[in-house]
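A.B. asks: I'm passing along entry18.cif; it holds mmCIF, C-alpha atoms.
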```
data_structure
loop_
_atom_site.label_atom_id
_atom_site.label_comp_id
_atom_site.auth_asym_id
_atom_site.auth_seq_id
_atom_site.Cartn_x
_atom_site.Cartn_y
_atom_site.Cartn_z
CA GLU A 11 -4.60 -17.05 2.45
CA THR A 12 -6.22 -18.75 -0.54
CA ILE A 13 -8.31 -15.83 -1.88
CA ASP A 14 -6.48 -12.97 -3.61
CA VAL A 15 -8.65 -10.06 -4.78
CA PRO A 16 -6.83 -7.53 -7.01
CA VAL A 17 -7.70 -3.97 -5.98
CA VAL A 18 -6.90 -1.40 -8.66
CA GLY A 19 -7.44 2.32 -9.19
CA GLY A 20 -6.81 4.68 -6.30
CA HIS A 21 -6.97 4.76 -2.52
CA ALA A 22 -10.26 6.45 -1.59
CA GLY A 23 -13.98 6.12 -2.25
CA ALA A 24 -15.08 5.28 -5.79
CA THR A 25 -11.45 5.09 -7.00
CA ILE A 26 -11.06 1.82 -5.07
CA LEU A 27 -12.00 -0.98 -7.47
CA PRO A 28 -11.80 -4.62 -6.31
CA LEU A 29 -11.89 -7.03 -9.26
CA PHE A 30 -14.05 -9.82 -7.89
CA SER A 31 -14.65 -11.22 -11.39
CA GLN A 32 -11.03 -12.44 -11.38
CA VAL A 33 -11.50 -14.44 -8.17
CA PRO A 34 -12.76 -18.03 -8.65
CA ALA A 35 -14.33 -18.09 -5.17
CA CYS A 36 -16.62 -15.18 -6.11
CA ARG A 37 -18.09 -16.70 -9.27
CA GLY A 38 -21.15 -18.01 -7.46
CA MET A 39 -22.09 -14.60 -6.02
CA SER A 40 -25.07 -12.68 -7.38
CA ALA A 41 -24.76 -9.23 -8.98
CA ALA A 42 -26.34 -7.67 -5.88
CA GLU A 43 -23.88 -9.44 -3.57
CA LEU A 44 -20.90 -8.35 -5.66
CA GLU A 45 -22.09 -4.74 -5.72
CA ALA A 46 -22.55 -4.81 -1.94
CA MET A 47 -19.05 -6.28 -1.50
CA ASP A 48 -17.61 -3.61 -3.77
CA LYS A 49 -19.22 -0.89 -1.66
CA HIS A 50 -18.06 -2.57 1.54
CA VAL A 51 -14.45 -2.56 0.32
CA GLN A 52 -14.69 1.13 -0.57
CA ASP A 53 -16.06 1.97 2.89
CA ALA A 54 -13.97 -0.53 4.87
CA GLY A 55 -12.09 2.18 6.80
CA THR A 56 -15.32 3.94 7.77
CA ASP A 57 -16.89 0.63 8.77
CA VAL A 58 -14.06 -0.02 11.23
CA VAL A 59 -14.36 3.48 12.70
CA ASN A 60 -18.09 2.94 13.18
CA ALA A 61 -17.50 -0.50 14.71
CA LYS A 62 -15.12 1.09 17.23
CA GLY A 63 -17.68 3.74 18.07
CA GLY A 64 -15.44 6.51 16.78
CA LYS A 65 -12.67 5.58 19.23
CA GLY A 66 -10.19 4.34 16.66
CA SER A 67 -9.54 3.61 13.00
CA ALA A 68 -8.35 0.69 10.89
CA THR A 69 -4.78 0.94 12.19
CA LEU A 70 -4.11 -2.82 12.26
CA SER A 71 -5.34 -3.26 8.69
CA MET A 72 -3.15 -0.40 7.49
CA ALA A 73 -0.14 -1.79 9.34
CA TYR A 74 -0.70 -5.24 7.83
CA ALA A 75 -1.02 -3.72 4.34
CA GLY A 76 2.23 -1.82 4.89
CA ALA A 77 3.97 -4.98 6.09
CA LYS A 78 2.75 -6.94 3.04
CA PHE A 79 4.00 -4.21 0.72
CA GLY A 80 7.32 -4.02 2.54
CA ASN A 81 7.69 -7.78 2.33
CA ALA A 82 7.08 -7.72 -1.42
CA VAL A 83 9.80 -5.11 -1.91
CA LEU A 84 12.27 -6.95 0.33
CA CYS A 85 11.53 -10.30 -1.33
CA GLY A 86 12.20 -8.75 -4.70
CA LEU A 87 15.49 -7.23 -3.56
CA ALA A 88 16.46 -10.64 -2.16
CA GLY A 89 15.91 -12.24 -5.57
CA ILE A 90 12.42 -13.67 -4.94
CA GLU A 91 10.07 -12.00 -7.43
CA THR A 92 6.85 -11.08 -5.63
CA THR A 93 3.63 -9.51 -6.86
CA GLU A 94 1.37 -7.16 -4.89
CA CYS A 95 -0.99 -4.35 -5.84
CA ALA A 96 0.69 -0.94 -5.66
CA TYR A 97 0.05 2.65 -6.75
CA VAL A 98 2.77 3.47 -9.29
CA THR A 99 3.65 5.57 -12.33
CA ARG A 100 1.98 4.21 -15.46
CA GLY A 101 3.26 4.02 -19.04
CA ALA A 102 2.88 6.85 -21.55
CA GLN A 103 0.07 5.02 -23.35
CA GLU A 104 -2.05 4.63 -20.21
CA GLU A 105 -5.14 6.73 -19.53
CA LEU A 106 -3.69 8.17 -16.31
CA PRO A 107 -0.08 8.81 -15.21
CA TYR A 108 -0.62 7.14 -11.82
CA MET A 109 -2.80 4.20 -10.83
CA ALA A 110 -2.78 1.03 -8.78
CA SER A 111 -2.59 -2.46 -10.24
CA LYS A 112 -0.60 -5.64 -9.72
CA VAL A 113 3.13 -4.91 -9.65
CA THR A 114 5.97 -7.45 -9.63
CA PHE A 115 9.03 -6.51 -7.56
CA GLY A 116 12.51 -7.82 -8.41
CA ILE A 117 16.12 -7.16 -7.48
CA GLY A 118 15.96 -3.72 -9.10
CA GLY A 119 12.70 -2.69 -7.48
CA VAL A 120 9.64 -2.55 -9.73
CA LYS A 121 10.13 -5.12 -12.50
CA ASP A 122 6.70 -5.26 -14.15
CA VAL A 123 3.59 -3.09 -13.89
CA HIS A 124 0.74 -5.36 -14.95
CA GLY A 125 -2.47 -4.50 -16.75
CA PHE A 126 -5.88 -4.82 -15.15
CA GLY A 127 -6.90 -8.02 -16.92
CA PRO A 128 -10.44 -8.91 -18.00
CA LEU A 129 -13.25 -6.91 -16.39
CA SER A 130 -16.94 -7.72 -15.99
CA ASP A 131 -19.54 -5.30 -17.38
CA TYR A 132 -20.12 -3.94 -13.88
CA GLU A 133 -16.38 -3.46 -13.34
CA LYS A 134 -16.07 -1.63 -16.68
CA GLU A 135 -18.71 0.85 -15.51
CA ARG A 136 -16.92 1.25 -12.20
CA MET A 137 -13.59 1.70 -13.98
CA ALA A 138 -15.01 4.65 -15.93
CA GLU A 139 -16.20 6.19 -12.65
CA CYS A 140 -12.82 5.47 -11.06
CA LEU A 141 -10.85 7.08 -13.90
CA LYS A 142 -12.91 10.27 -13.82
CA GLN A 143 -12.52 10.82 -10.08
CA LEU A 144 -8.87 9.72 -9.98
CA LYS A 145 -7.98 12.09 -12.84
CA ASP A 146 -9.38 15.02 -10.85
CA GLU A 147 -7.39 13.96 -7.77
CA ILE A 148 -4.15 13.52 -9.75
CA ASP A 149 -4.58 16.88 -11.50
CA ALA A 150 -5.15 18.58 -8.13
CA GLY A 151 -2.04 16.95 -6.68
CA LEU A 152 0.16 17.87 -9.65
CA SER A 153 -1.14 21.44 -9.55
CA TYR A 154 -0.33 21.72 -5.85
CA ALA A 155 3.16 20.29 -6.38
CA ALA A 156 3.81 22.79 -9.19
CA GLN A 157 2.81 25.75 -7.04
CA ASN A 158 4.43 24.77 -3.74
CA GLU A 159 7.90 23.83 -2.59
CA LEU A 160 8.48 21.85 0.59
CA SER A 161 11.90 22.38 2.14
CA ILE A 162 13.29 21.88 5.64
CA GLU A 163 15.69 24.75 5.03
CA LYS A 164 12.76 27.16 4.69
CA ALA A 165 10.93 25.95 7.78
CA THR A 166 10.00 28.71 10.23
CA ASN A 167 10.86 26.47 13.19
CA PRO A 168 13.93 24.46 12.15
CA TRP A 169 14.66 21.20 13.91
CA ASP A 170 16.76 21.77 17.02
CA ALA A 171 19.46 19.09 17.23
CA SER A 172 20.04 19.93 20.92
CA SER A 173 16.63 18.44 21.76
CA ILE A 174 17.73 14.93 20.76
CA PRO A 175 17.71 12.66 23.83
CA ALA A 176 20.78 10.67 24.85
CA LYS A 177 21.39 7.65 22.68
CA PRO A 178 19.67 4.58 24.21
CA SER A 179 21.52 1.33 24.69
CA ALA A 180 21.43 -1.02 21.73
CA PRO A 181 18.68 -3.67 21.91
CA PRO A 182 19.63 -7.35 21.64
CA GLN A 183 19.79 -8.73 18.13
CA PRO A 184 16.57 -10.57 17.19
CA LYS A 185 16.90 -14.29 16.59
CA LEU A 186 15.37 -15.03 13.21
CA ALA A 187 13.75 -18.38 12.58
CA PRO A 188 15.75 -20.51 10.14
CA SER A 189 14.31 -20.70 6.64
CA SER A 190 15.02 -22.91 3.65
CA LYS A 191 14.16 -20.04 1.31
CA LYS A 192 16.52 -17.35 0.12
CA THR A 193 16.49 -14.46 2.58
CA GLY A 194 17.76 -10.93 2.42
CA ASN A 195 19.89 -9.06 4.91
CA PHE A 196 18.28 -5.64 5.04
CA LYS A 197 18.21 -2.76 7.46
CA VAL A 198 14.68 -1.32 7.61
CA CYS A 199 13.60 1.99 9.12
CA VAL A 200 10.05 2.65 10.33
CA CYS A 201 9.24 6.35 10.78
CA GLY A 202 6.35 7.20 13.09
CA GLY A 203 6.89 3.99 15.00
CA ALA A 204 5.03 5.14 18.12
CA GLY A 205 1.74 5.74 16.31
CA GLY A 206 -1.31 3.55 16.03
CA ILE A 207 -0.13 2.22 12.66
CA GLY A 208 3.59 2.37 13.40
CA GLN A 209 3.53 0.11 16.48
CA PRO A 210 1.94 -2.97 14.85
CA LEU A 211 3.91 -2.28 11.66
CA CYS A 212 7.15 -2.48 13.66
CA LEU A 213 6.08 -5.77 15.24
CA LEU A 214 5.25 -7.25 11.85
CA MET A 215 8.45 -6.05 10.18
CA ALA A 216 10.53 -7.38 13.08
CA GLN A 217 9.22 -10.86 12.21
CA ASN A 218 10.15 -10.56 8.53
CA PRO A 219 13.01 -12.97 7.74
CA HIS A 220 14.52 -10.46 5.29
CA VAL A 221 15.00 -7.85 8.04
CA SER A 222 18.30 -8.18 9.91
CA GLU A 223 18.04 -4.78 11.63
CA LEU A 224 14.97 -2.69 12.39
CA CYS A 225 15.30 1.00 13.28
CA VAL A 226 12.28 2.79 14.74
CA PHE A 227 11.94 6.58 14.78
CA ASP A 228 9.14 8.87 15.88
#
```
Here is a file; write its structure as structure tokens.
C.D. replies:
Amino acid sequence: ETIDVPVVGGHAGATILPLFSQVPACRGMSAAELEAMDKHVQDAGTDVVNAKGGKGSATLSMAYAGAKFGNAVLCGLAGIETTECAYVTRGAQEELPYMASKVTFGIGGVKDVHGFGPLSDYEKERMAECLKQLKDEIDAGLSYAAQNELSIEKATNPWDASSIPAKPSAPPQPKLAPSSKKTGNFKVCVCGGAGGIGQPLCLLMAQNPHVSELCVFD
């Protein structure tokens, strides 16, 4: 709760860049320790899979990350400006059109996309590596999007509305804990709620004071 490490760049491998130099608690760590921590963050998902013996992945971590991001968006919409790291469109003067950094959310959504701040020499080297790999990934994604069109209307097996089960009875309204802070009154939908990530994500979002109604689909 007291240590906040900005993670910028992308979402996989070498594009994941934690900025430990901006964290006061990390200033006493050696260069070797910081490099090892950097690698550990990059491989965190694989480490969890290995720890589970291949029988699961980092579903709880992903659900918690989703809940934190959702909370930041809801707080912003409720008038409480909140900052979290997010992968967003960058400005025209940036090196890449998309990248992750600290983002402040307000009542209109994204209010400010922040710069990366000061970097250590090691982080500057890693940033160059990150930019090269992330550019290739972005170019591949944009190329795919330009050559393909995804449309439900063109699906070979259209969704059959007759397969929808009877509407279940409405669940009781959750009783939210009173709060002295400003709270929103939002209806939130979680798609894929029966999955390994979706289940804990639903539980976390149901406890969010800004959520007055939670809809779960799968």
A.B. asks: Could you check the closest approach to Met109 in chain A for each of A:Gly205, A:Gly20, A:Gly86, A:Gly63 and tell me which residue wins, using all atoms listed in the file?
C.D. replies: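 For Met109 in chain A, the nearest of the given residues is A:Gly20.
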A.B. asks: For CA of Pro107 in chain A and CA of Val33 in chain A, quote the distance in Å rounded to one decimal.
C.D. replies: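 CA of Val33 in chain A lies 26.8 Å from CA of Pro107 in chain A.
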A.B. asks: I'd like to see the residues matched by the PyMOL selection byres ((chain A and resi 218) around 12) on this file, and ideally I'd get them as number ranges by chain.
C.D. replies: A: 77-85, 184-189, 193-198, 211-217, 219-224
A.B. asks: Can you work out the spacing between CA of Val226 in chain A and CA of Phe115 in chain A in Å, to one decimal?
C.D. replies: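 Interatomic distance here is 24.4 Å.
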A.B. asks: Run through the PyMOL selection byres ((chain A and resi 116) around 10) on the given coordinates and return the selected residues as a ChimeraX atom specification.
C.D. replies: /A:82-93,113-115,117-122
A.B. asks: When you draw a straight line from CA of Gly206 in chain A to CA of Gly66 in chain A, how long is it in Å?
C.D. replies: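 Here the two named atoms are 8.9 Å from each other.
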A.B. asks: Write out as a compact mmCIF listing (two decimals) with C-alpha atoms, in the frame of the given file the residues lying within 8 Å of range 127-137 of chain A, counting all atoms listed in the file and excluding same-chain residues fewer than 5 positions away.
C.D. replies:
```txt
# COMPACT_ATOMS: atom_id res chain seq x y z
CA GLY A 19 -7.44 2.32 -9.19
CA ALA A 24 -15.08 5.28 -5.79
CA LEU A 27 -12.00 -0.98 -7.47
CA LEU A 29 -11.89 -7.03 -9.26
CA SER A 31 -14.65 -11.22 -11.39
CA GLN A 32 -11.03 -12.44 -11.38
```
